Amino acid sequence: MEKVKAGVNNFFKTIGSFFNNFGEAVTKGDLFVKLSLIWMGAGYARRKQYLKSLLVTIIEVLMLIYTIFFAPQYVSKFGTLGTIKQESVFNIQTMKNEFNDYDHSFLILLISLVSFVVWFTFIAFYLYNMTAVYKLQQKAARGEHINTFIEDCKELINKKFHVTLLTLPILGIVIFTIIPLLVMILVAFTNYDQQHMPPSALFTWTGFNNFKTLFGGGGLTSSFGYAFVRILTWTLIWAFFATLTTYIGGILLSLLINNKKTKAPKVWRLLFIITIAVPQFVSLLLVRNFFADGGIVNAICSSIGLTGWLREIGLISTSYIPFLTAPIWAHVMIILINIWVGVPYQMLIATGVLMNIPADQLEAARIDGANSFQIFWHITMPYMLFVTGPALVTDFVKNINNFNVIYLLTANFFVTLDQQMANSQAKETDLLVTWLFTLTQDYYNYKMASAIGIVVFIICAAFTLVAFNRMIKGDREETFQ
């Protein structure tokens, strides 16, 4: 927590220093620095950096054109997200049916959001530009050399190469991550669904209604609250067991294969590595067919009498074992199948870590009389957790969003009999992420899907921050030296 507070304090100090530098540039700058408040290239032109002055001026002009002629037609409607629906109107002059000048709610929302991001970026650039031209003034006053445009470009390849390398990834994050994330957040506060599909029907702001519905709103919407509690519970149970079983299983399998008594360890290791080479979706679809109601596993169970015995003791009421078509059975089978899929990968990680455990610690423990279990519990596991702890956190978050295993094993295979779950377009085997996918792909319920997406993000972010903060707390590295 102290590191988080320190990071927040440093962030605000940096922001404060940035604005202080801007204020100093405005108050102490010469005429051309002050003129840069209107014409952004003035300060560069005064220091004979004409090409940079031209580029900055072009950016300023383009921003003015965007702000005056393009953005207002969308941003002005951001408060309502449009009021005119698409309609076919008969044009007497052309004697044809033509569409009216309609609004498109999603375009209004998207372009308005992009405009806000562009304006925010430009304001930051505008403030930085003032401090940059003021620094040029200070350099000129001290008689220092002022770089030409070519020299500035060379610096971006030499001294400031890190800036050049990071620019493209940051742009990618803004365009492909931040903006879509913000769009999802905004959609969660609208009524964007199948009944409000623009341009034939518009959607508008509804405040926190979707979250009230998700967390147990009254009336017909109560089914979403009912489904949310059950799916969230199953998501967390699945993430916990999927992470724990593959992690522990991978370590135990690695210890078993690397044991001195195990014959042909390379052959065993190769067999498990081959399972990783097979695409996961192929394996999962194949296993799904094995455990289908009419699959080969059910055929074997029926022939040996297991199915009849389970029916006699009341565990099943069908002529087959519903491995993937009944809630409890499906939950257990999904976790077991995931062990088979995930353990080989964890085995490879564990093998690499176990090979680096200090041999002197193991030898000292044996000399002191420690048995194999004590060595495993007091040396091997603490070392594994220390090295692979961050990966364990990411595995847990990954399993919360593990779309492949759940969807490929149960899609078009599991049918819910719970009416309230069906009313919310959910199934007992769904995770939050697969429920979100179904809502968007099959039912076009974007508003509820976005609300669920926000909840998933908050859960993953909170867990990651807390877990990482605890794992990196203190200096434990010396313990394993």
# chains A, B, ... in the order shown; residues from 1 in each chain; ligands from 1
call {"tool": "residues_around", "arguments": {"residues": "range 147-154 of chain A", "least_positions_apart": "5", "cutoff": "8 Å", "atoms": "only C-alpha atoms", "output": "PyMOL selection string"}}
result
chain A and resi 49+51-52
call {"tool": "select_by_dssp", "arguments": {"residues": "range 34-174 of chain A", "states": "alpha helix (DSSP H)", "output": "ChimeraX atom specification"}}
result
/A:34-35,42-46,50-65,72-75,105-142,149-157,161-173
call {"tool": "write_last_selection", "arguments": {"atoms": "C-alpha atoms", "output": "compact mmCIF listing (two decimals), in the first residue's frame"}}
result
# COMPACT_ATOMS: atom_id res chain seq x y z
CA LYS A 34 3.62 34.38 -25.45
CA LEU A 35 2.58 34.52 -29.10
CA ALA A 42 5.92 31.24 -33.18
CA GLY A 43 8.54 30.26 -30.60
CA TYR A 44 10.21 27.82 -33.00
CA ALA A 45 10.20 30.37 -35.83
CA ARG A 46 11.95 32.92 -33.54
CA TYR A 50 11.31 26.79 -39.33
CA LEU A 51 10.48 23.19 -40.24
CA LYS A 52 9.38 22.35 -36.70
CA SER A 53 7.37 25.58 -36.65
CA LEU A 54 5.65 24.50 -39.88
CA LEU A 55 4.82 21.03 -38.54
CA VAL A 56 3.39 22.38 -35.28
CA THR A 57 1.38 24.97 -37.20
CA ILE A 58 -0.05 22.28 -39.49
CA ILE A 59 -1.12 20.25 -36.43
CA GLU A 60 -2.77 23.34 -34.96
CA VAL A 61 -4.61 24.12 -38.21
CA LEU A 62 -5.81 20.53 -38.59
CA MET A 63 -7.07 20.59 -35.02
CA LEU A 64 -8.97 23.82 -35.66
CA ILE A 65 -10.54 22.34 -38.81
CA PRO A 72 -19.49 19.65 -33.37
CA GLN A 73 -22.10 17.74 -35.39
CA TYR A 74 -21.49 14.70 -33.17
CA VAL A 75 -20.39 16.20 -29.85
CA SER A 105 -26.43 6.87 -31.73
CA PHE A 106 -23.35 4.67 -31.83
CA LEU A 107 -21.49 6.96 -34.25
CA ILE A 108 -22.36 9.92 -32.04
CA LEU A 109 -21.01 8.12 -28.98
CA LEU A 110 -17.87 6.81 -30.72
CA ILE A 111 -16.86 9.99 -32.54
CA SER A 112 -17.64 12.14 -29.51
CA LEU A 113 -15.39 9.92 -27.40
CA VAL A 114 -12.64 10.03 -30.03
CA SER A 115 -13.01 13.82 -30.11
CA PHE A 116 -12.59 14.02 -26.33
CA VAL A 117 -9.44 11.88 -26.53
CA VAL A 118 -8.07 13.96 -29.42
CA TRP A 119 -8.78 17.22 -27.61
CA PHE A 120 -7.23 15.95 -24.39
CA THR A 121 -4.12 14.86 -26.30
CA PHE A 122 -3.92 18.19 -28.12
CA ILE A 123 -4.27 20.16 -24.87
CA ALA A 124 -1.38 18.16 -23.36
CA PHE A 125 0.65 18.81 -26.52
CA TYR A 126 -0.30 22.50 -26.42
CA LEU A 127 0.92 22.85 -22.82
CA TYR A 128 4.10 20.92 -23.58
CA ASN A 129 4.73 23.11 -26.63
CA MET A 130 4.75 26.23 -24.44
CA THR A 131 7.32 24.77 -22.06
CA ALA A 132 9.43 23.59 -25.02
CA VAL A 133 9.62 27.03 -26.67
CA TYR A 134 10.38 28.61 -23.28
CA LYS A 135 13.30 26.22 -22.84
CA LEU A 136 14.56 27.32 -26.26
CA GLN A 137 14.41 30.93 -25.05
CA GLN A 138 16.41 30.01 -21.96
CA LYS A 139 19.01 28.20 -24.08
CA ALA A 140 19.35 31.21 -26.36
CA ALA A 141 19.79 33.50 -23.33
CA ARG A 142 22.60 31.29 -22.03
CA PHE A 149 15.36 19.84 -37.05
CA ILE A 150 17.81 17.26 -38.40
CA GLU A 151 19.68 17.21 -35.08
CA ASP A 152 16.38 16.68 -33.24
CA CYS A 153 15.60 13.74 -35.53
CA LYS A 154 19.05 12.25 -34.85
CA GLU A 155 18.40 12.55 -31.09
CA LEU A 156 15.24 10.48 -31.54
CA ILE A 157 17.46 7.71 -32.92
CA PHE A 161 15.51 6.28 -28.91
CA HIS A 162 13.32 4.98 -26.07
CA VAL A 163 10.77 7.67 -26.94
CA THR A 164 10.78 6.57 -30.59
CA LEU A 165 10.32 2.91 -29.62
CA LEU A 166 7.49 3.60 -27.18
CA THR A 167 5.50 5.96 -29.40
CA LEU A 168 3.97 3.29 -31.66
CA PRO A 169 3.00 0.90 -28.81
CA ILE A 170 1.42 3.76 -26.87
CA LEU A 171 -0.61 4.79 -29.93
CA GLY A 172 -1.69 1.17 -30.33
CA ILE A 173 -2.75 0.97 -26.66
call {"tool": "closest_residue", "arguments": {"among": "A:Leu81, A:Ile335, A:Met381, A:Ile300", "to": "Leu186 in chain A", "atoms": "only C-alpha atoms"}}
result
A:Leu81
call {"tool": "residues_around", "arguments": {"residues": "range 465-471 of chain A", "least_positions_apart": "3", "cutoff": "8 Å", "atoms": "only C-alpha atoms", "output": "PyMOL selection string"}}
result
chain A and resi 1+386+389-390+393+461-462
call {"tool": "closest_residue", "arguments": {"among": "A:Leu392, A:Ile349, A:Met421, A:Val341", "to": "Val282 in chain A", "atoms": "only C-alpha atoms"}}
result
A:Val341
call {"tool": "closest_residue", "arguments": {"among": "A:Val455, A:Leu324, A:Val397, A:Val343", "to": "Phe413 in chain A", "atoms": "only C-alpha atoms"}}
result
A:Leu324
call {"tool": "residues_around", "arguments": {"residues": "Ser88 in chain A", "least_positions_apart": "5", "cutoff": "8 Å", "atoms": "only C-alpha atoms", "output": "count of residues only"}}
result
4
call {"tool": "atom_distance", "arguments": {"atom1": "CA of Thr307 in chain A", "atom2": "CA of Thr416 in chain A"}}
result
22.3 Å
call {"tool": "atom_distance", "arguments": {"atom1": "CA of Leu336 in chain A", "atom2": "CA of Thr246 in chain A"}}
result
9.7 Å
call {"tool": "select_by_dssp", "arguments": {"residues": "range 30-236 of chain A", "states": "strand (DSSP E)", "output": "VMD selection string"}}
result
chain A and resid 88 to 91 96 to 99
call {"tool": "atom_distance", "arguments": {"atom1": "CA of Pro199 in chain A", "atom2": "CA of His104 in chain A"}}
result
5.0 Å
call {"tool": "closest_residue", "arguments": {"among": "A:Gly225, A:Arg47, A:Leu385, A:Val287", "to": "His145 in chain A", "atoms": "only C-alpha atoms"}}
result
A:Arg47
call {"tool": "closest_residue", "arguments": {"among": "A:Ala264, A:Gln425, A:Lys48, A:Ile248", "to": "Ile146 in chain A", "atoms": "only C-alpha atoms"}}
result
A:Lys48
call {"tool": "residues_around", "arguments": {"residues": "Trp205 in chain A", "least_positions_apart": "3", "cutoff": "10 Å", "atoms": "only C-alpha atoms", "output": "list in words"}}
result
Phe78, Gly79, Thr80, Leu81, Leu186, Val187, Ala188, Phe189, Thr190, Asn191, Tyr192, Phe208 and Asn209 of chain A
call {"tool": "residues_around", "arguments": {"residues": "Ser302 in chain A", "least_positions_apart": "5", "cutoff": "12 Å", "atoms": "only C-alpha atoms", "output": "VMD selection string"}}
result
chain A and resid 293 to 297 307 to 311 318 to 321
call {"tool": "closest_residue", "arguments": {"among": "A:Gln419, A:Ile274, A:Phe11, A:Gln441", "to": "Ala227 in chain A", "atoms": "only C-alpha atoms"}}
result
A:Gln419
